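Right, one structure below, let's go through it.
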Amino acid sequence: MTTLDPQLVEQQVQQIETNDAVILRDVHHFPTVHTVTLPKTVIVIVHGGDADVTFDHCNLHLEKDNIAIFSGKHIISGLPTSDDFTATLVIFGDKLIEDARLTAFGYRFQEYHVKPTTILNEPQIQQLLLVISLMDAILKQKEPDLPHRHEALCNTIHIFFEFLNAFRDAKKSDMDTSLRGSHVFIKFMDLLAEHYVKEHKVNFYAEKLCLTPKYMSKLIHDATGCGANAWIDQYIIAKAKLLLISRKDLSVQAISQMLGFQEQASFTRFFRNIENLSPREFRQHNAR
């Protein structure tokens, strides 16, 4: 059984960029039920039991034969699992997933933002697990022994998504990827992940999307039930929680600076206004 401890996950995340990816089998529990920013892109294949999760604006229920694609740097929360929950996780390094996206013909990642989960049948799950086993075999090789290891991993990702896209296409009538608000929200969240340290104002993101702040906020509110300002605040809070939980070596002051606050007092006020407790109190409540 694999139980994901926050600090263990943090150590593995730091190693992923060197190793390109990590595959975790027989996972029974996720690291946290708090709202945090997902540090890396993750594929979850559920073999049994169930779990509830909120990914950005989507409330999702995961159960047997579900596959979910969660993009890194987006907000994820609420991962309580049933006692019989078991899953396979594939966690990708940023460079690997970006290189794979650049060389792929049909990634269609926006569709996975709008609808992260797919219900498959057992033969389809087994096909995808075969590709993951091939990926695992490549990951165990070192670069000198396998000269084009990184490229081979990119190719296995392409194969994985070719299968998954075909499986999803068969269910196309069940999917709605045409809502403009959803696509604006996806682009907004990608920009937020890139610029949240320096840019905390709606105007910056509206300008990047060539929209007025009011219209952008309306589209995002229509798609998610929350306006752009609320999402900026929630993103910073989620990032703060992830750092407070997993980086015990960092002081609250250091974390406040990493999040773009010039003074720790400003960060503490911001955090308390939303969470009704200080960052230090939050850390103490979640001490292991």
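Every chain in the structure tokens takes a letter, A first, then B, and so on in the order presented; its residues are numbered from 1, and the ligands are numbered from 1 following the presented order.
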Write out as a PyMOL selection string each polymer residue whose atoms come within 12 Å of Leu242 of chain A, counting only C-alpha atoms; drop sequence neighbours fewer than 5 positions from it.
chain A and resi 6-7+9-10+31-39+73-77+235-237+247-248+250+255+259+279+282-283+286
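For Ala51 of chain A, the list of residues within 9 Å, based on only C-alpha atoms and with local chain neighbours fewer than 2 positions off taken out, reads Gly49, Val53, Leu60, His61, Leu62, Glu63, Gly78, Leu79, Pro80, Thr81, Ser82 and Phe85 of chain A.
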Could the residues in this selection be written to a file with C-alpha atoms, as a PDB file, in the first residue's frame?
ATOM      1  CA  GLY A  49     -13.258   2.382  -4.240  1.00  0.00           C
ATOM      2  CA  VAL A  53     -12.131  15.976  -5.526  1.00  0.00           C
ATOM      3  CA  LEU A  60     -15.575  15.298  -9.414  1.00  0.00           C
ATOM      4  CA  HIS A  61     -16.381  11.849  -8.068  1.00  0.00           C
ATOM      5  CA  LEU A  62     -13.773   9.229  -8.935  1.00  0.00           C
ATOM      6  CA  GLU A  63     -14.630   5.543  -8.892  1.00  0.00           C
ATOM      7  CA  GLY A  78     -10.858  17.535  -1.094  1.00  0.00           C
ATOM      8  CA  LEU A  79      -9.349  14.126  -1.691  1.00  0.00           C
ATOM      9  CA  PRO A  80     -11.090  11.951   0.933  1.00  0.00           C
ATOM     10  CA  THR A  81     -11.029   8.317  -0.176  1.00  0.00           C
ATOM     11  CA  SER A  82     -13.044   5.264   0.722  1.00  0.00           C
ATOM     12  CA  PHE A  85      -9.768   3.015  -2.657  1.00  0.00           C
TER      13      PHE A  85
END
Any chance you could list, as a ChimeraX atom specification, the residues in segment 72-125 of chain A that come up helix (DSSP H, G or I) when DSSP is run on the backbone?
/A:94-103,109-114,122-125
Restricting it to N, CA and C atoms, dump the selection as an mmCIF file, in the first residue's frame.
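Final output, result.cif:
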data_model
loop_
_atom_site.group_PDB
_atom_site.id
_atom_site.type_symbol
_atom_site.label_atom_id
_atom_site.label_comp_id
_atom_site.auth_asym_id
_atom_site.auth_seq_id
_atom_site.Cartn_x
_atom_site.Cartn_y
_atom_site.Cartn_z
ATOM 1 N N ASP A 94 7.769 18.846 -15.324
ATOM 2 C CA ASP A 94 7.308 19.938 -16.181
ATOM 3 C C ASP A 94 7.937 19.881 -17.568
ATOM 4 N N LYS A 95 9.243 19.624 -17.635
ATOM 5 C CA LYS A 95 9.927 19.616 -18.930
ATOM 6 C C LYS A 95 9.426 18.477 -19.808
ATOM 7 N N LEU A 96 9.217 17.304 -19.200
ATOM 8 C CA LEU A 96 8.741 16.160 -19.984
ATOM 9 C C LEU A 96 7.361 16.448 -20.569
ATOM 10 N N ILE A 97 6.444 16.944 -19.746
ATOM 11 C CA ILE A 97 5.080 17.151 -20.231
ATOM 12 C C ILE A 97 5.049 18.267 -21.269
ATOM 13 N N GLU A 98 5.887 19.297 -21.090
ATOM 14 C CA GLU A 98 5.922 20.387 -22.066
ATOM 15 C C GLU A 98 6.540 19.924 -23.384
ATOM 16 N N ASP A 99 7.621 19.168 -23.321
ATOM 17 C CA ASP A 99 8.230 18.651 -24.547
ATOM 18 C C ASP A 99 7.285 17.710 -25.273
ATOM 19 N N ALA A 100 6.560 16.894 -24.516
ATOM 20 C CA ALA A 100 5.590 15.991 -25.137
ATOM 21 C C ALA A 100 4.467 16.781 -25.808
ATOM 22 N N ARG A 101 4.023 17.846 -25.171
ATOM 23 C CA ARG A 101 2.958 18.680 -25.751
ATOM 24 C C ARG A 101 3.436 19.356 -27.030
ATOM 25 N N LEU A 102 4.680 19.815 -27.036
ATOM 26 C CA LEU A 102 5.208 20.527 -28.198
ATOM 27 C C LEU A 102 5.343 19.621 -29.417
ATOM 28 N N THR A 103 5.576 18.331 -29.184
ATOM 29 C CA THR A 103 5.792 17.412 -30.300
ATOM 30 C C THR A 103 4.567 16.564 -30.627
ATOM 31 N N PHE A 109 -5.408 19.400 -24.733
ATOM 32 C CA PHE A 109 -5.384 19.531 -23.280
ATOM 33 C C PHE A 109 -6.544 20.356 -22.740
ATOM 34 N N GLN A 110 -7.063 21.289 -23.547
ATOM 35 C CA GLN A 110 -8.178 22.099 -23.052
ATOM 36 C C GLN A 110 -9.373 21.227 -22.698
ATOM 37 N N GLU A 111 -9.566 20.150 -23.432
ATOM 38 C CA GLU A 111 -10.685 19.262 -23.141
ATOM 39 C C GLU A 111 -10.540 18.633 -21.751
ATOM 40 N N TYR A 112 -9.314 18.381 -21.359
ATOM 41 C CA TYR A 112 -9.093 17.756 -20.049
ATOM 42 C C TYR A 112 -9.252 18.754 -18.923
ATOM 43 N N HIS A 113 -9.079 20.045 -19.209
ATOM 44 C CA HIS A 113 -9.380 21.068 -18.221
ATOM 45 C C HIS A 113 -10.885 21.151 -17.988
ATOM 46 N N VAL A 114 -11.646 21.141 -19.071
ATOM 47 C CA VAL A 114 -13.101 21.270 -18.972
ATOM 48 C C VAL A 114 -13.715 20.008 -18.380
ATOM 49 N N GLU A 122 -12.967 -2.053 -18.646
ATOM 50 C CA GLU A 122 -11.786 -2.774 -18.192
ATOM 51 C C GLU A 122 -10.752 -2.998 -19.307
ATOM 52 N N PRO A 123 -11.154 -3.403 -20.526
ATOM 53 C CA PRO A 123 -10.153 -3.559 -21.591
ATOM 54 C C PRO A 123 -9.425 -2.252 -21.907
ATOM 55 N N GLN A 124 -10.140 -1.126 -21.877
ATOM 56 C CA GLN A 124 -9.495 0.156 -22.141
ATOM 57 C C GLN A 124 -8.495 0.509 -21.047
ATOM 58 N N ILE A 125 -8.876 0.267 -19.795
ATOM 59 C CA ILE A 125 -7.953 0.503 -18.675
ATOM 60 C C ILE A 125 -6.694 -0.342 -18.847
#
Nearest to Val27 of chain A among A:Ala230, A:His47, A:Cys154, A:Gln15, with distances taken over only C-alpha atoms: which residue is it?
A:His47
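Counting only C-alpha atoms and comparing A:Gln264, A:Thr18, A:Ser182, A:Gln253, the residue that lies closest to Ile220 of chain A is A:Ser182.
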Show me, as a Markdown table, the residues of segment 4-101 of chain A having an atom within 9 Å of segment 129-147 of chain A, each with the closest atom pair and its distance in Å, using only C-alpha atoms.
| residue | atom | partner | partner_atom | distance |
| --- | --- | --- | --- | --- |
| A:Asn19 | CA | A:Leu139 | CA | 7.2 |
| A:Asp20 | CA | A:Leu139 | CA | 7.7 |
| A:Ala21 | CA | A:Leu139 | CA | 7.3 |
| A:Val22 | CA | A:Leu139 | CA | 7.9 |
| A:Ile23 | CA | A:Asp136 | CA | 6.9 |
| A:Ile45 | CA | A:Leu129 | CA | 8.8 |
| A:Thr88 | CA | A:Leu129 | CA | 8.9 |
| A:Val90 | CA | A:Ile132 | CA | 8.1 |
Selected residues written out, N, CA and C atoms, as a tab-separated table (two decimals), in the first residue's frame:
chain	number	residue	atom	x	y	z
A	19	ASN	N	14.27	12.88	-12.91
A	19	ASN	CA	13.87	11.54	-13.36
A	19	ASN	C	12.82	11.56	-14.46
A	20	ASP	N	12.25	12.75	-14.77
A	20	ASP	CA	11.22	12.95	-15.79
A	20	ASP	C	9.81	12.62	-15.31
A	21	ALA	N	9.66	11.56	-14.54
A	21	ALA	CA	8.32	11.18	-14.07
A	21	ALA	C	8.46	10.15	-12.96
A	22	VAL	N	7.38	9.91	-12.24
A	22	VAL	CA	7.34	8.84	-11.25
A	22	VAL	C	6.00	8.14	-11.37
A	23	ILE	N	6.02	6.83	-11.23
A	23	ILE	CA	4.80	6.02	-11.29
A	23	ILE	C	4.58	5.41	-9.91
A	45	ILE	N	-5.52	6.73	-12.28
A	45	ILE	CA	-6.36	5.62	-12.76
A	45	ILE	C	-6.89	4.88	-11.54
A	88	THR	N	-3.57	3.93	-9.50
A	88	THR	CA	-2.23	4.14	-10.04
A	88	THR	C	-2.09	5.61	-10.38
A	90	VAL	N	0.50	8.56	-12.14
A	90	VAL	CA	1.68	8.92	-12.92
A	90	VAL	C	1.88	10.42	-12.76
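If you look at atom CA of Met189 of chain A and atom CA of Ala223 of chain A, they are 12.7 Å away from each other.
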Would you return as an MDAnalysis selection string the members of segment 2-119 of chain A that DSSP assigns to strand (DSSP E) on this structure's backbone?
chainID A and resid 2:3 21:29 36:37 41:48 50:55 58:63 66:70 75:77 86:92 117:119
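Rounded to one decimal, atom CA of Glu194 of chain A and atom CA of Phe55 of chain A lie 17.7 Å from each other.
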From the list A:Ala238, A:Leu24, A:Leu164, A:Ala170, which residue is nearest Ile67 of chain A when using only C-alpha atoms?
A:Leu164
Using atom CA of Phe30 of chain A and atom CA of Gly93 of chain A as the two end points, give the distance in Å to one decimal.
18.7 Å
